[in-house]
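Asks: File model37.txt below, compact mmCIF, C-alpha atoms and all ligand atoms:
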# COMPACT_ATOMS: atom_id res chain seq x y z
CA MET J 285 0.00 0.00 0.00
CA TRP J 286 1.41 3.34 -1.12
CA ILE J 287 0.64 6.04 1.45
CA LYS J 288 0.94 9.74 0.66
CA ILE J 289 0.71 12.42 3.33
CA CYS J 290 -0.20 15.65 1.58
CA GLY J 291 -0.24 19.33 2.49
CA ASN J 292 3.16 19.40 4.18
CA THR J 293 4.47 22.85 4.98
CA ASN J 294 7.37 22.28 7.38
CA LEU J 295 10.35 19.98 7.96
CA ASN J 296 9.17 18.55 11.31
CA ASP J 297 5.91 17.23 9.89
CA ALA J 298 7.59 15.90 6.75
CA GLN J 299 10.29 14.07 8.73
CA LEU J 300 7.72 12.62 11.13
CA ALA J 301 5.56 11.29 8.28
CA ALA J 302 8.67 9.72 6.72
CA GLU J 303 9.72 8.13 10.03
CA LEU J 304 6.22 6.73 10.54
CA GLY J 305 6.43 4.95 7.20
CA ALA J 306 4.77 7.17 4.59
CA ASN J 307 5.85 6.40 1.02
CA ALA J 308 5.28 9.89 -0.33
CA LEU J 309 4.94 13.47 0.88
CA GLY J 310 2.84 16.03 -0.95
CA PHE J 311 3.62 19.74 -1.29
CA ILE J 312 0.85 21.96 -2.62
CA PHE J 313 1.67 24.58 -5.23
CA ALA J 314 -1.99 24.93 -6.19
CA GLU J 315 -4.06 27.58 -4.44
CA SER J 316 -4.71 26.32 -0.92
CA LYS J 317 -4.37 27.23 2.72
CA ARG J 318 -1.55 24.67 2.60
CA GLN J 319 0.20 26.29 -0.38
CA VAL J 320 4.01 26.39 -0.28
CA THR J 321 6.69 27.96 -2.44
CA ALA J 322 9.51 26.18 -4.25
CA ALA J 323 12.00 27.93 -1.95
CA GLU J 324 10.23 26.60 1.16
CA VAL J 325 10.16 23.05 -0.18
CA ALA J 326 13.80 23.30 -1.29
CA ARG J 327 14.69 23.82 2.37
CA ILE J 328 12.82 20.61 3.35
CA THR J 329 13.65 18.05 0.65
CA PRO J 330 17.43 17.72 1.30
CA HIS J 331 16.65 16.45 4.82
CA LEU J 332 14.27 13.68 3.73
CA PRO J 333 15.25 10.04 3.19
CA GLN J 334 16.10 9.33 -0.45
CA HIS J 335 13.48 6.59 -0.81
CA ILE J 336 10.52 8.85 -0.01
CA GLU J 337 8.65 10.32 -2.98
CA ARG J 338 8.34 14.10 -2.99
CA VAL J 339 5.19 15.05 -4.86
CA GLY J 340 4.32 18.56 -6.07
CA VAL J 341 0.58 19.24 -6.49
CA PHE J 342 -0.27 21.64 -9.35
CA ASP J 343 -3.57 22.80 -10.80
CA SER J 344 -3.00 25.81 -13.04
CA HIS J 345 0.72 26.05 -13.81
CA ASN J 346 2.00 25.42 -17.33
CA ALA J 347 4.65 22.79 -18.17
CA ASP J 348 7.61 25.16 -17.96
CA GLN J 349 6.48 26.53 -14.59
CA ILE J 350 5.94 23.01 -13.24
CA ALA J 351 9.36 21.94 -14.52
CA ALA J 352 11.08 24.93 -12.92
CA ILE J 353 9.42 24.30 -9.54
CA THR J 354 10.11 20.56 -9.75
CA ARG J 355 13.80 21.20 -10.28
CA ALA J 356 14.09 23.98 -7.70
CA ALA J 357 12.29 21.98 -5.00
CA ASP J 358 13.93 18.65 -5.98
CA LEU J 359 10.60 16.86 -6.44
CA THR J 360 10.39 13.27 -7.68
CA ALA J 361 6.74 13.28 -8.74
CA ILE J 362 4.17 15.70 -10.16
CA GLN J 363 0.45 15.51 -9.34
CA LEU J 364 -1.72 17.20 -11.96
CA HIS J 365 -4.78 18.36 -10.07
CA GLY J 366 -6.41 20.68 -12.62
CA GLY J 367 -8.18 18.26 -14.96
CA VAL J 368 -6.92 15.85 -17.61
CA ASP J 369 -4.78 17.76 -20.13
CA GLN J 370 -3.06 15.34 -22.50
CA GLN J 371 -0.85 18.03 -24.03
CA LEU J 372 0.48 19.01 -20.62
CA ILE J 373 1.23 15.38 -19.79
CA HIS J 374 3.03 14.85 -23.12
CA ARG J 375 5.11 17.98 -22.58
CA LEU J 376 6.08 16.92 -19.03
CA ASN J 377 6.97 13.44 -20.27
CA GLU J 378 9.17 15.05 -22.95
CA ILE J 379 10.90 17.26 -20.38
CA PHE J 380 11.47 14.62 -17.70
CA GLU J 381 11.26 11.31 -19.62
CA ASP J 382 11.10 8.74 -16.80
CA ARG J 383 12.96 10.77 -14.20
CA VAL J 384 9.85 12.22 -12.58
CA LYS J 385 6.64 10.24 -12.02
CA LEU J 386 3.26 11.71 -13.00
CA ILE J 387 0.01 11.35 -11.06
CA GLN J 388 -3.23 12.48 -12.69
CA THR J 389 -6.06 13.59 -10.39
CA ILE J 390 -9.67 12.95 -11.37
CA HIS J 391 -12.37 14.69 -9.37
CA TRP J 392 -15.53 13.16 -7.97
CA THR J 393 -17.83 16.19 -7.68
CA ILE J 394 -19.88 15.71 -4.53
CA GLU J 395 -22.86 17.84 -5.63
CA SER J 396 -23.13 16.28 -9.10
CA LYS J 397 -25.33 13.34 -10.05
CA ASP J 398 -23.02 12.67 -13.02
CA SER J 399 -19.82 12.07 -11.08
CA ALA J 400 -19.70 8.32 -11.60
CA ALA J 401 -20.10 8.74 -15.38
CA THR J 402 -17.55 11.58 -15.54
CA VAL J 403 -14.95 9.64 -13.57
CA ALA J 404 -15.58 6.54 -15.71
CA SER J 405 -15.11 8.50 -18.92
CA GLN J 406 -11.88 10.14 -17.69
CA LEU J 407 -10.50 6.76 -16.59
CA LYS J 408 -11.29 5.40 -20.07
CA GLU J 409 -9.53 8.36 -21.69
CA ILE J 410 -6.41 7.87 -19.57
CA HIS J 411 -6.40 4.13 -20.20
CA ARG J 412 -6.85 4.59 -23.96
CA ALA J 413 -4.13 7.20 -24.26
CA ALA J 414 -1.78 5.30 -21.89
CA ILE J 415 -0.26 8.58 -20.82
CA VAL J 416 -0.04 8.10 -17.09
CA GLY J 417 -0.04 5.07 -14.80
CA ARG J 418 -1.15 6.57 -11.51
CA VAL J 419 -4.58 8.13 -11.07
CA LEU J 420 -5.73 9.83 -7.87
CA ILE J 421 -9.46 10.17 -7.29
CA ASP J 422 -10.26 13.12 -5.03
CA SER J 423 -13.43 14.92 -3.93
CA LYS J 424 -14.50 18.25 -5.35
CA VAL J 425 -16.85 20.37 -3.23
CA GLY J 426 -18.01 23.60 -4.85
CA GLN J 427 -14.84 25.23 -6.19
CA ALA J 428 -12.56 23.30 -3.80
CA GLY J 429 -10.75 20.49 -5.58
CA GLY J 430 -8.54 19.38 -2.71
CA GLY J 431 -8.12 19.34 1.03
CA THR J 432 -11.89 19.20 1.41
CA GLY J 433 -12.07 16.58 4.15
CA VAL J 434 -15.12 15.15 2.36
CA SER J 435 -15.43 11.57 1.06
CA TYR J 436 -17.31 10.54 -2.05
CA ASP J 437 -19.67 7.60 -2.47
CA TRP J 438 -17.27 4.66 -2.20
CA LYS J 439 -19.93 2.13 -3.22
CA ALA J 440 -20.56 3.95 -6.50
CA ALA J 441 -16.81 4.46 -6.93
CA LYS J 442 -16.15 0.73 -6.50
CA ALA J 443 -18.45 -0.06 -9.41
CA VAL J 444 -16.73 2.57 -11.59
CA LEU J 445 -13.25 1.29 -10.70
CA THR J 446 -14.13 -2.35 -11.29
CA GLU J 447 -15.26 -1.47 -14.82
CA ASN J 448 -12.67 1.13 -15.83
CA ALA J 449 -9.47 1.07 -13.79
CA SER J 450 -7.77 -2.03 -15.12
CA GLY J 451 -4.02 -1.49 -15.48
CA LEU J 452 -4.06 1.81 -13.57
CA SER J 453 -2.64 2.39 -10.09
CA ILE J 454 -5.57 3.99 -8.29
CA ILE J 455 -5.01 6.28 -5.32
CA VAL J 456 -8.01 7.12 -3.13
CA ALA J 457 -8.16 10.58 -1.54
CA GLY J 458 -10.82 12.86 -0.12
CA GLY J 459 -12.06 12.81 3.46
CA LEU J 460 -9.78 10.02 4.64
CA GLY J 461 -8.59 9.87 8.23
CA PRO J 462 -7.43 7.33 10.81
CA ASP J 463 -11.00 6.16 11.48
CA ASN J 464 -12.13 5.43 7.92
CA VAL J 465 -8.97 4.62 5.96
CA ALA J 466 -9.39 0.87 6.63
CA GLU J 467 -12.97 0.97 5.32
CA ALA J 468 -11.77 2.70 2.14
CA ILE J 469 -9.01 0.13 1.62
CA HIS J 470 -11.36 -2.81 2.21
CA GLY J 471 -14.08 -1.31 0.02
CA LEU J 472 -12.04 -0.04 -2.91
CA THR J 473 -8.79 -2.10 -2.80
CA PRO J 474 -6.78 0.86 -4.12
CA TRP J 475 -3.08 0.84 -4.96
CA GLY J 476 -2.60 3.85 -2.66
CA VAL J 477 -4.25 6.27 -0.27
CA ASP J 478 -3.71 9.97 0.26
CA VAL J 479 -4.67 12.32 3.09
CA SER J 480 -4.30 16.00 3.80
CA SER J 481 -6.72 17.52 6.36
CA GLY J 482 -7.55 14.23 8.11
CA VAL J 483 -4.15 14.07 9.84
CA GLU J 484 -3.93 17.74 10.83
CA ARG J 485 -4.23 19.61 14.11
CA GLU J 486 -4.96 22.67 12.00
CA PRO J 487 -4.17 23.63 8.39
CA ARG J 488 -0.37 23.66 7.90
CA GLU J 489 0.26 21.58 11.05
CA LYS J 490 0.06 17.80 11.24
CA ASP J 491 -1.11 15.91 14.32
CA SER J 492 1.43 13.23 15.26
CA ALA J 493 -1.14 10.87 16.83
CA LYS J 494 -3.46 11.08 13.79
CA LEU J 495 -0.51 10.59 11.42
CA ALA J 496 0.68 7.49 13.27
CA ALA J 497 -2.84 6.02 13.47
CA PHE J 498 -3.54 6.72 9.78
CA ILE J 499 -0.40 4.95 8.59
CA LYS J 500 -0.82 2.01 11.00
CA ASN J 501 -4.49 1.49 10.10
CA ALA J 502 -3.77 1.73 6.36
CA ARG J 503 -0.96 -0.84 6.58
CA GLN J 504 -3.11 -3.23 8.65
CA ALA J 505 -6.06 -2.96 6.26
CA SER J 506 -3.83 -3.59 3.28
CA GLN J 507 -2.35 -6.70 4.94
CA GLN J 508 -5.87 -7.97 5.70
CA ASN J 509 -6.80 -7.46 2.04
CA GLN J 510 -3.75 -9.47 0.98
CA ARG J 511 -4.60 -12.33 3.35
CA THR J 512 -8.15 -12.60 2.04
CA SER J 513 -7.38 -12.23 -1.68
O1 LIG K 601 -4.92 19.65 0.37
C1 LIG K 601 -5.14 20.78 -0.14
O2 LIG K 601 -5.24 21.81 0.55
C2 LIG K 601 -5.28 20.91 -1.63
C3 LIG K 601 -5.73 22.11 -2.14
C4 LIG K 601 -5.83 22.30 -3.51
C5 LIG K 601 -5.51 21.27 -4.39
C6 LIG K 601 -5.07 20.05 -3.88
C7 LIG K 601 -4.96 19.86 -2.52
N1 LIG K 601 -4.59 18.62 -2.00
C8 LIG K 601 -4.25 17.53 -2.85
C9 LIG K 601 -4.18 16.22 -2.27
O3 LIG K 601 -3.57 15.35 -2.87
C10 LIG K 601 -4.91 15.94 -0.95
O4 LIG K 601 -4.28 14.92 -0.29
C11 LIG K 601 -6.35 15.62 -1.21
O5 LIG K 601 -7.00 16.72 -1.70
C12 LIG K 601 -7.09 15.08 0.05
O6 LIG K 601 -7.51 16.09 0.92
P1 LIG K 601 -8.33 15.74 2.28
O7 LIG K 601 -9.74 15.47 1.90
O8 LIG K 601 -8.18 16.94 3.13
O9 LIG K 601 -7.65 14.54 2.89
Mind converting the file's structure to structure tokens?
Ligand SMILES: O=C(O)c1ccccc1NCC(=O)[C@H](O)[C@H](O)COP(=O)(O)O
Replies:
Amino acid sequence: MWIKICGNTNLNDAQLAAELGANALGFIFAESKRQVTAAEVARITPHLPQHIERVGVFDSHNADQIAAITRAADLTAIQLHGGVDQQLIHRLNEIFEDRVKLIQTIHWTIESKDSAATVASQLKEIHRAAIVGRVLIDSKVGQAGGGTGVSYDWKAAKAVLTENASGLSIIVAGGLGPDNVAEAIHGLTPWGVDVSSGVEREPREKDSAKLAAFIKNARQASQQNQRTS
């Protein structure tokens, strides 16, 4: 189980998440109360273990801006959070080849009745174009496309994933926390999980007890899935 702790803004939280066994740390360059600058992240990344993925989250930057931030902050992965844009993905693949991993976010809009169909059609598009291997499904609430603390309908999502996610590494995000991450892993059998607000004391500050419980519960649930598969 790949576990990403997102919305990191300081070295202490990032190091703690790494020590507790996270696989990836997210840094948000999109508009957010957790937004960071490349200079801030560049002061954090040299102190992290080499094996941990350092993911930049972007929603409106162009390829050159993303590339400049990725280099300056020494990121190892880019999460595209602003909709599926094949041209942008091609350009980033040209720039980085295989040196930086790409994650495409698809949004499940909470207020929309069409979310299941929209997510299914975007998964099909990504699968057909074979442009990215990792897809993160996050909640959208009103204009907020991340850090919402709101979960989508996992039962409906399971049906969509069973039909459309073959060959893709699916990451579940949106409203996860220590108390429901096991349910999400049992229900959706994702490749990875991702959390931002659910392990915070307040925006920009992680809660060490919630972080530890989230990672422990996710690992346990994943092991239970493996034993029963
Ligand atoms: O977390 C944010 O503040 C955020 C804001 C704008 C775009 C993306 C953002 N986060 C991206 C992520 O990958 C989060 O982990 C994801 O949105 C989950 O958030 P939460 O529901 O708070 O766990």
Asks: Could you check how far atom CA of J:Ala308 sits from atom CA of J:Ile287, in Å to one decimal?
Replies: 6.3 Å
Asks: Which distance in Å separates atom CA of J:Ser513 and atom CA of J:Lys439, to one decimal?
Replies: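 These two atoms are separated by 19.1 Å.
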Asks: With the cut-off set at 8 Å and counting only C-alpha atoms and all ligand atoms, tabulate each residue of chain J with an atom at most that distance from an atom of ligand LIG 601 (chain K), showing the nearest atom pair and its distance in Å to one decimal, ordered by chain and increasing number, as a Markdown table.
Replies:
| residue | atom | partner | partner_atom | distance |
| --- | --- | --- | --- | --- |
| J:Lys288 | CA | K:LIG601 | O4 | 7.4 |
| J:Ile289 | CA | K:LIG601 | O4 | 6.7 |
| J:Cys290 | CA | K:LIG601 | O4 | 4.5 |
| J:Gly291 | CA | K:LIG601 | O1 | 5.1 |
| J:Gly310 | CA | K:LIG601 | O3 | 6.7 |
| J:Ile312 | CA | K:LIG601 | C7 | 6.2 |
| J:Phe313 | CA | K:LIG601 | C5 | 8.0 |
| J:Ala314 | CA | K:LIG601 | C4 | 5.4 |
| J:Glu315 | CA | K:LIG601 | C4 | 5.6 |
| J:Ser316 | CA | K:LIG601 | C3 | 4.5 |
| J:Lys317 | CA | K:LIG601 | O2 | 5.9 |
| J:Arg318 | CA | K:LIG601 | O2 | 5.1 |
| J:Gln319 | CA | K:LIG601 | O2 | 7.1 |
| J:Val341 | CA | K:LIG601 | C6 | 6.3 |
| J:Phe342 | CA | K:LIG601 | C5 | 7.2 |
| J:Asp343 | CA | K:LIG601 | C5 | 6.9 |
| J:Gln363 | CA | K:LIG601 | O3 | 7.6 |
| J:His365 | CA | K:LIG601 | C6 | 6.4 |
| J:Leu420 | CA | K:LIG601 | O3 | 7.8 |
| J:Asp422 | CA | K:LIG601 | O5 | 5.9 |
| J:Ser423 | CA | K:LIG601 | O7 | 6.9 |
| J:Ala428 | CA | K:LIG601 | C4 | 6.8 |
| J:Gly429 | CA | K:LIG601 | C5 | 5.4 |
| J:Gly430 | CA | K:LIG601 | O5 | 3.2 |
| J:Gly431 | CA | K:LIG601 | O8 | 3.2 |
| J:Thr432 | CA | K:LIG601 | O7 | 4.3 |
| J:Gly433 | CA | K:LIG601 | O7 | 3.4 |
| J:Val434 | CA | K:LIG601 | O7 | 5.4 |
| J:Ser435 | CA | K:LIG601 | O7 | 6.9 |
| J:Ala457 | CA | K:LIG601 | C12 | 4.9 |
| J:Gly458 | CA | K:LIG601 | O7 | 3.5 |
| J:Gly459 | CA | K:LIG601 | O7 | 3.9 |
| J:Leu460 | CA | K:LIG601 | O9 | 5.3 |
| J:Gly461 | CA | K:LIG601 | O9 | 7.2 |
| J:Asp478 | CA | K:LIG601 | O4 | 5.0 |
| J:Val479 | CA | K:LIG601 | O9 | 3.7 |
| J:Ser480 | CA | K:LIG601 | O9 | 3.8 |
| J:Ser481 | CA | K:LIG601 | O8 | 3.6 |
| J:Gly482 | CA | K:LIG601 | O9 | 5.2 |
| J:Val483 | CA | K:LIG601 | O9 | 7.8 |
Asks: Please compute the atom CA of J:Asp437-atom CA of J:Ala449 distance, one decimal, in Å.
Replies: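 Atom CA of J:Ala449 lies 16.6 Å from atom CA of J:Asp437.
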Asks: Name the closest residue to J:Ala401 among the candidates J:Ala302, J:Ala443, J:Leu295, J:Ala496; distances are taken between atoms, counting all atoms listed in the file.
Replies: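 The answer is J:Ala443, which sits nearest to J:Ala401.
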Asks: Pick from J:Asn448, J:Thr389, J:Gln349, J:Asn501: nearest to J:Asp369, with all atoms listed in the file counted?
Replies: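 Smallest distance to J:Asp369 is found for J:Thr389.
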Asks: Between J:Ala400, J:Ala466, J:Leu407, J:Ile350, single out the one closest to J:Lys442, counting all atoms listed in the file.
Replies: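 Looking only at the distances to J:Lys442, the closest residue turns out to be J:Ala400.
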Asks: From the list J:Gln299, J:Asn294, J:Gln406, J:Gln371, which residue is nearest J:Arg327 when using all atoms listed in the file?
Replies: J:Asn294
Asks: Pick the closest to J:Leu304 from J:Leu332, J:Gly476, J:Ala326, J:Ser492: which is it, counting all atoms listed in the file?
Replies: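 So, comparing all the options, the nearest one is J:Ser492.
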Asks: Which of these residues is nearest to J:Asp297, using only C-alpha atoms: J:His331, J:Leu376, J:Ala322, J:Gln508?
Replies: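 Counting only C-alpha atoms, the residue closest to J:Asp297 is J:His331.
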Asks: Near J:Leu372, counting all atoms listed in the file, which residues have an atom at most 12 Å away, once you skip same-chain residues fewer than 3 positions from it, shown as a PyMOL selection string?
Replies: chain J and resi 342-351+362-369+375-379+386+388+415-416
Asks: Work out where the centre of an axis-aligned box around every listed atom of stretch 325-334 of chain J lies and how long its edges are once 4 Å is added on each side; give both in Å to one decimal as lines of an AutoDock Vina configuration file.
Replies:
center_x = 13.8
center_y = 16.6
center_z = 1.8
size_x = 15.3
size_y = 22.5
size_z = 14.1
Asks: Give me the residues near J:Thr512 as a list in words, where near means some atom within 12 Å (using all atoms listed in the file) and where sequence neighbours in that chain fewer than 5 positions away do not count.
Replies: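 Within the cut-off, the hits are His470, Thr473, Ala505, Ser506 and Gln507 of chain J.
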